[in-house]
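J.: Please find one structure pasted underneath; my questions will follow.
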Amino acid sequence: MKKIDLKKATAKLGERVAQESVGKSIPWFFYEPKVPASLKEKK
Amino acid sequence: MEKIIEKLANKIVHWSCSNQSELGSEQEEILVYGYVLLLENAYKLLVLLIVALLTHTLTETIIIVGSLVLLRNFCGGVHCHGSIGCTLSMIGVWLAGLFVSKIDIPVPVIFVMAGIIIWTIVRYAPQTTRNNPIQNISVLKRKRIGAILVMFFLFGAAYVSGILWGRTDIMNMILTAMLIEVISMLILVEKEEKSDEED
């Protein structure tokens, strides 16, 4: 069984969520955190 | 509350990247943002779950919040300035849904509600904010089609529960959640039009 690097997986999860949210998804609830400028520029 | 969540997100990011020699500030910002999103949603779901369990209204909470979230995911709408405001808004929605489940809504009023919901979604969905606009045409199309499909699905669920099963309380909760969501869309439309005029 492949050993999972928890730290790497955690970092990847955060990055994936951030990238998938900008310009693609709408928050479920009534609060939307400010999108970092660096992410906006990339899109 | 945002500061606490941001601090926690920072801690998670620094822990997850402790193996890396250098984490650029841009990359750090992106990772923190991702975790803020995850933690914000988790915390709100937890608050609603706790409130639901304490008040023995788990089923009702799932119906009200589920209907709202399902529709909001495709339709968008106005947001509060802070996380606490958002949590209070969600609790307000939950309370409104519970209150409406206990009353009898006259049939003409149900038709008016349905009319407002249909018109708003067909006319305006999806509505996104300047903070995170969706500009890709294919994503916008998917959101719009999704909004209309979810609308029909929720109407179907409301019809089945209210008319076929006689559970008008469930029907009322679904319709109320949908109405609150389209009102939030209309508020955002108004807000964006005012901002455009000022620009």
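Note on naming: chains are A, B, ... as they come in the structure tokens, residues start from 1 per chain, ligands start from 1 in the order shown.
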Find the spatial neighbours of stretch 11-15 of chain A, counting only C-alpha atoms, within a cut-off of 7 Å - ignore same-chain residues fewer than 3 positions away - and output them as a list in words.
T.: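 Near neighbours after the sequence-gap exclusion: Lys7, Lys8, Ala18 and Gln19 of chain A; Val13, Ser16, Cys17, Ile30, Leu31, Gly34 and Tyr35 of chain B.
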J.: Keeping only C-alpha atoms, write the selected residues to a file as a PDB file, in the first residue's frame.
T.:
ATOM      1  CA  LYS A   7       1.836  16.976   5.229  1.00  0.00           C
ATOM      2  CA  LYS A   8       2.087  16.927   1.455  1.00  0.00           C
ATOM      3  CA  ALA A  18      -8.108  27.620  -3.308  1.00  0.00           C
ATOM      4  CA  GLN A  19      -7.571  27.168  -7.033  1.00  0.00           C
TER       5      GLN A  19
ATOM      6  CA  VAL B  13      -0.224  25.624   6.359  1.00  0.00           C
ATOM      7  CA  SER B  16       2.041  21.050   6.241  1.00  0.00           C
ATOM      8  CA  CYS B  17       4.934  22.939   4.650  1.00  0.00           C
ATOM      9  CA  ILE B  30      -2.990  30.640  -1.583  1.00  0.00           C
ATOM     10  CA  LEU B  31      -2.749  27.758   0.889  1.00  0.00           C
ATOM     11  CA  GLY B  34      -7.811  27.375   0.755  1.00  0.00           C
ATOM     12  CA  TYR B  35      -7.828  26.411   4.429  1.00  0.00           C
TER      13      TYR B  35
END
J.: How close does each residue of chain A get to chain B, giving the shortest atom pair and distance in Å to one decimal for every residue with an atom at most 7 Å away, counting only C-alpha atoms, sorted by chain and residue number, as a Markdown table?
T.:
| residue | atom | partner | partner_atom | distance |
| --- | --- | --- | --- | --- |
| A:Lys7 | CA | B:Ser16 | CA | 4.2 |
| A:Lys8 | CA | B:Ser16 | CA | 6.3 |
| A:Thr10 | CA | B:Ser16 | CA | 6.0 |
| A:Ala11 | CA | B:Ser16 | CA | 5.5 |
| A:Gly14 | CA | B:Gly34 | CA | 4.5 |
| A:Glu15 | CA | B:Leu31 | CA | 5.1 |
| A:Val17 | CA | B:Gly34 | CA | 5.1 |
| A:Ala18 | CA | B:Gly34 | CA | 4.1 |
| A:Val22 | CA | B:Asn132 | CA | 6.1 |
| A:Gly23 | CA | B:Ile134 | CA | 4.3 |
| A:Lys24 | CA | B:Ile134 | CA | 5.9 |
| A:Ile26 | CA | B:Asn73 | CA | 5.4 |
| A:Pro27 | CA | B:Asn73 | CA | 6.4 |
| A:Trp28 | CA | B:Val69 | CA | 5.2 |
| A:Phe29 | CA | B:Cys86 | CA | 6.8 |
| A:Phe30 | CA | B:His79 | CA | 4.5 |
| A:Tyr31 | CA | B:His79 | CA | 5.0 |
| A:Glu32 | CA | B:His79 | CA | 6.4 |
| A:Lys34 | CA | B:Asn131 | CA | 6.4 |
| A:Val35 | CA | B:Asn131 | CA | 6.4 |
| A:Pro36 | CA | B:Glu29 | CA | 6.6 |
| A:Ser38 | CA | B:Glu26 | CA | 6.2 |
| A:Leu39 | CA | B:Ile30 | CA | 6.7 |
J.: Within chain A, find each residue whose DSSP state, derived from the backbone, is helix (DSSP H, G or I), and express the selection as a list of chain:residue names.
T.: A:Leu6, A:Lys7, A:Lys8, A:Ala9, A:Thr10, A:Ala11, A:Lys12, A:Leu13, A:Gly14, A:Glu15, A:Arg16, A:Val17, A:Ala18, A:Gln19, A:Glu20, A:Ser21, A:Ala37, A:Ser38, A:Leu39, A:Lys40, A:Glu41, A:Lys42
J.: Selection from above, N, CA and C atoms, as a PDB file, in the first residue's frame, can you write it?
T.:
ATOM      1  N   LEU A   6       1.221  12.813   4.873  1.00  0.00           N
ATOM      2  CA  LEU A   6       0.094  13.615   5.358  1.00  0.00           C
ATOM      3  C   LEU A   6       0.323  15.102   5.142  1.00  0.00           C
ATOM      4  N   LYS A   7       1.544  15.532   5.360  1.00  0.00           N
ATOM      5  CA  LYS A   7       1.836  16.976   5.229  1.00  0.00           C
ATOM      6  C   LYS A   7       1.673  17.418   3.776  1.00  0.00           C
ATOM      7  N   LYS A   8       2.172  16.585   2.875  1.00  0.00           N
ATOM      8  CA  LYS A   8       2.087  16.927   1.455  1.00  0.00           C
ATOM      9  C   LYS A   8       0.610  16.950   1.025  1.00  0.00           C
ATOM     10  N   ALA A   9      -0.126  15.942   1.480  1.00  0.00           N
ATOM     11  CA  ALA A   9      -1.550  15.842   1.123  1.00  0.00           C
ATOM     12  C   ALA A   9      -2.324  17.039   1.660  1.00  0.00           C
ATOM     13  N   THR A  10      -1.981  17.469   2.866  1.00  0.00           N
ATOM     14  CA  THR A  10      -2.649  18.624   3.484  1.00  0.00           C
ATOM     15  C   THR A  10      -2.389  19.881   2.660  1.00  0.00           C
ATOM     16  N   ALA A  11      -1.139  20.049   2.272  1.00  0.00           N
ATOM     17  CA  ALA A  11      -0.784  21.240   1.476  1.00  0.00           C
ATOM     18  C   ALA A  11      -1.487  21.205   0.126  1.00  0.00           C
ATOM     19  N   LYS A  12      -1.526  20.028  -0.467  1.00  0.00           N
ATOM     20  CA  LYS A  12      -2.158  19.885  -1.793  1.00  0.00           C
ATOM     21  C   LYS A  12      -3.653  20.181  -1.700  1.00  0.00           C
ATOM     22  N   LEU A  13      -4.274  19.730  -0.608  1.00  0.00           N
ATOM     23  CA  LEU A  13      -5.704  19.950  -0.420  1.00  0.00           C
ATOM     24  C   LEU A  13      -6.009  21.449  -0.371  1.00  0.00           C
ATOM     25  N   GLY A  14      -5.229  22.167   0.424  1.00  0.00           N
ATOM     26  CA  GLY A  14      -5.430  23.608   0.552  1.00  0.00           C
ATOM     27  C   GLY A  14      -5.272  24.318  -0.775  1.00  0.00           C
ATOM     28  N   GLU A  15      -4.253  23.919  -1.509  1.00  0.00           N
ATOM     29  CA  GLU A  15      -3.981  24.544  -2.811  1.00  0.00           C
ATOM     30  C   GLU A  15      -5.116  24.244  -3.788  1.00  0.00           C
ATOM     31  N   ARG A  16      -5.559  22.990  -3.792  1.00  0.00           N
ATOM     32  CA  ARG A  16      -6.610  22.565  -4.711  1.00  0.00           C
ATOM     33  C   ARG A  16      -7.916  23.328  -4.436  1.00  0.00           C
ATOM     34  N   VAL A  17      -8.282  23.405  -3.152  1.00  0.00           N
ATOM     35  CA  VAL A  17      -9.508  24.114  -2.761  1.00  0.00           C
ATOM     36  C   VAL A  17      -9.430  25.578  -3.193  1.00  0.00           C
ATOM     37  N   ALA A  18      -8.276  26.196  -2.961  1.00  0.00           N
ATOM     38  CA  ALA A  18      -8.108  27.620  -3.308  1.00  0.00           C
ATOM     39  C   ALA A  18      -8.247  27.818  -4.817  1.00  0.00           C
ATOM     40  N   GLN A  19      -7.566  26.991  -5.581  1.00  0.00           N
ATOM     41  CA  GLN A  19      -7.571  27.168  -7.033  1.00  0.00           C
ATOM     42  C   GLN A  19      -8.928  26.852  -7.633  1.00  0.00           C
ATOM     43  N   GLU A  20      -9.606  25.852  -7.095  1.00  0.00           N
ATOM     44  CA  GLU A  20     -10.921  25.489  -7.630  1.00  0.00           C
ATOM     45  C   GLU A  20     -11.994  26.501  -7.258  1.00  0.00           C
ATOM     46  N   SER A  21     -11.730  27.311  -6.238  1.00  0.00           N
ATOM     47  CA  SER A  21     -12.776  28.240  -5.793  1.00  0.00           C
ATOM     48  C   SER A  21     -12.748  29.547  -6.566  1.00  0.00           C
ATOM     49  N   ALA A  37      -4.786  38.445  -4.038  1.00  0.00           N
ATOM     50  CA  ALA A  37      -4.491  39.065  -5.340  1.00  0.00           C
ATOM     51  C   ALA A  37      -3.704  38.111  -6.234  1.00  0.00           C
ATOM     52  N   SER A  38      -2.819  37.319  -5.623  1.00  0.00           N
ATOM     53  CA  SER A  38      -1.979  36.407  -6.406  1.00  0.00           C
ATOM     54  C   SER A  38      -2.829  35.359  -7.127  1.00  0.00           C
ATOM     55  N   LEU A  39      -3.922  34.933  -6.510  1.00  0.00           N
ATOM     56  CA  LEU A  39      -4.809  33.947  -7.139  1.00  0.00           C
ATOM     57  C   LEU A  39      -5.619  34.595  -8.251  1.00  0.00           C
ATOM     58  N   LYS A  40      -6.055  35.826  -8.018  1.00  0.00           N
ATOM     59  CA  LYS A  40      -6.860  36.541  -9.018  1.00  0.00           C
ATOM     60  C   LYS A  40      -6.037  36.764 -10.283  1.00  0.00           C
ATOM     61  N   GLU A  41      -4.758  37.113 -10.095  1.00  0.00           N
ATOM     62  CA  GLU A  41      -3.891  37.410 -11.245  1.00  0.00           C
ATOM     63  C   GLU A  41      -3.693  36.174 -12.111  1.00  0.00           C
ATOM     64  N   LYS A  42      -3.644  35.002 -11.428  1.00  0.00           N
ATOM     65  CA  LYS A  42      -3.366  33.760 -12.163  1.00  0.00           C
ATOM     66  C   LYS A  42      -4.517  33.381 -13.080  1.00  0.00           C
TER      67      LYS A  42
END
J.: Could you name the residues that touch stretch 96-108 of chain B at 7 Å or less, counting only C-alpha atoms, but leaving out those on the same chain fewer than 6 positions away, as a PyMOL selection string?
T.: chain B and resi 64+169-170+172-173+176-177
J.: I need the chosen residues saved as a PDB file, in the first residue's frame, with C-alpha atoms.
T.:
ATOM      1  CA  ILE B  64     -33.803  23.951   5.277  1.00  0.00           C
ATOM      2  CA  ASP B 169     -44.280  21.558   6.739  1.00  0.00           C
ATOM      3  CA  ILE B 170     -41.527  20.109   4.508  1.00  0.00           C
ATOM      4  CA  ASN B 172     -42.964  25.194   3.389  1.00  0.00           C
ATOM      5  CA  MET B 173     -39.372  24.737   4.578  1.00  0.00           C
ATOM      6  CA  THR B 176     -38.858  29.345   2.303  1.00  0.00           C
ATOM      7  CA  ALA B 177     -35.206  28.376   1.853  1.00  0.00           C
TER       8      ALA B 177
END
J.: Name all residues at most 9 Å from B:Met113 (count only C-alpha atoms; drop same-chain ones fewer than 2 positions away) and give them as a list in words.
T.: Pro108, Val109, Ile110, Phe111, Gly115, Ile116, Ile117, Ile118, Leu175, Thr176, Met178 and Leu179 of chain B
J.: Could you save the residues just selected, with all heavy atoms, as a short mmCIF file (atom, residue, chain, number, x, y, z; two decimals), in the first residue's frame?
T.:
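To be explicit, this is the file written out as part-v7.cif:
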data_model
loop_
_atom_site.label_atom_id
_atom_site.label_comp_id
_atom_site.auth_asym_id
_atom_site.auth_seq_id
_atom_site.Cartn_x
_atom_site.Cartn_y
_atom_site.Cartn_z
N PRO B 108 -52.52 30.76 -2.78
CA PRO B 108 -52.10 31.89 -3.64
C PRO B 108 -50.71 32.40 -3.27
O PRO B 108 -49.92 32.76 -4.15
CB PRO B 108 -53.16 32.97 -3.38
CG PRO B 108 -54.34 32.24 -2.88
CD PRO B 108 -53.81 31.06 -2.12
N VAL B 109 -50.40 32.41 -1.97
CA VAL B 109 -49.09 32.88 -1.52
C VAL B 109 -48.00 31.93 -2.01
O VAL B 109 -46.91 32.37 -2.43
CB VAL B 109 -49.05 33.03 0.03
CG1 VAL B 109 -47.66 33.39 0.50
CG2 VAL B 109 -50.06 34.08 0.49
N ILE B 110 -48.29 30.63 -1.99
CA ILE B 110 -47.32 29.64 -2.49
C ILE B 110 -47.04 29.90 -3.96
O ILE B 110 -45.88 29.84 -4.40
CB ILE B 110 -47.83 28.20 -2.25
CG1 ILE B 110 -47.82 27.90 -0.76
CG2 ILE B 110 -47.01 27.18 -3.03
CD1 ILE B 110 -48.32 26.54 -0.38
N PHE B 111 -48.09 30.20 -4.71
CA PHE B 111 -47.90 30.48 -6.14
C PHE B 111 -47.07 31.75 -6.35
O PHE B 111 -46.23 31.80 -7.25
CB PHE B 111 -49.25 30.59 -6.86
CG PHE B 111 -49.80 29.25 -7.24
CD1 PHE B 111 -50.91 28.73 -6.60
CD2 PHE B 111 -49.19 28.48 -8.23
CE1 PHE B 111 -51.41 27.47 -6.94
CE2 PHE B 111 -49.69 27.23 -8.57
CZ PHE B 111 -50.79 26.73 -7.92
N GLY B 115 -43.52 31.91 -8.15
CA GLY B 115 -43.34 32.83 -9.26
C GLY B 115 -42.10 33.69 -9.10
O GLY B 115 -41.31 33.85 -10.02
N ILE B 116 -41.92 34.21 -7.89
CA ILE B 116 -40.74 35.05 -7.60
C ILE B 116 -39.46 34.23 -7.76
O ILE B 116 -38.47 34.68 -8.35
CB ILE B 116 -40.82 35.64 -6.17
CG1 ILE B 116 -41.99 36.63 -6.07
CG2 ILE B 116 -39.52 36.34 -5.78
CD1 ILE B 116 -42.30 37.08 -4.66
N ILE B 117 -39.51 33.00 -7.24
CA ILE B 117 -38.32 32.13 -7.31
C ILE B 117 -37.97 31.84 -8.76
O ILE B 117 -36.81 31.99 -9.18
CB ILE B 117 -38.58 30.81 -6.53
CG1 ILE B 117 -38.66 31.08 -5.02
CG2 ILE B 117 -37.49 29.78 -6.82
CD1 ILE B 117 -39.27 29.95 -4.22
N ILE B 118 -38.96 31.45 -9.55
CA ILE B 118 -38.70 31.10 -10.96
C ILE B 118 -38.18 32.31 -11.72
O ILE B 118 -37.17 32.22 -12.43
CB ILE B 118 -39.99 30.55 -11.64
CG1 ILE B 118 -40.39 29.22 -11.02
CG2 ILE B 118 -39.78 30.38 -13.14
CD1 ILE B 118 -41.78 28.74 -11.39
N LEU B 175 -39.63 25.75 0.25
CA LEU B 175 -39.98 26.98 -0.47
C LEU B 175 -39.40 28.21 0.23
O LEU B 175 -38.93 29.15 -0.43
CB LEU B 175 -41.49 27.11 -0.60
CG LEU B 175 -42.16 26.12 -1.56
CD1 LEU B 175 -43.67 26.29 -1.53
CD2 LEU B 175 -41.64 26.28 -2.98
N THR B 176 -39.41 28.21 1.55
CA THR B 176 -38.86 29.34 2.30
C THR B 176 -37.36 29.47 2.06
O THR B 176 -36.86 30.58 1.82
CB THR B 176 -39.13 29.18 3.81
OG1 THR B 176 -40.52 29.04 4.01
CG2 THR B 176 -38.61 30.36 4.61
N MET B 178 -35.73 28.46 -0.52
CA MET B 178 -35.55 28.91 -1.90
C MET B 178 -35.83 30.41 -2.01
O MET B 178 -35.10 31.14 -2.69
CB MET B 178 -36.49 28.15 -2.85
CG MET B 178 -36.15 26.68 -3.01
SD MET B 178 -37.35 25.81 -4.01
CE MET B 178 -36.79 26.21 -5.67
N LEU B 179 -36.88 30.86 -1.34
CA LEU B 179 -37.24 32.28 -1.42
C LEU B 179 -36.16 33.16 -0.79
O LEU B 179 -35.80 34.20 -1.35
CB LEU B 179 -38.58 32.51 -0.72
CG LEU B 179 -39.15 33.92 -0.86
CD1 LEU B 179 -39.54 34.20 -2.30
CD2 LEU B 179 -40.35 34.11 0.07
#
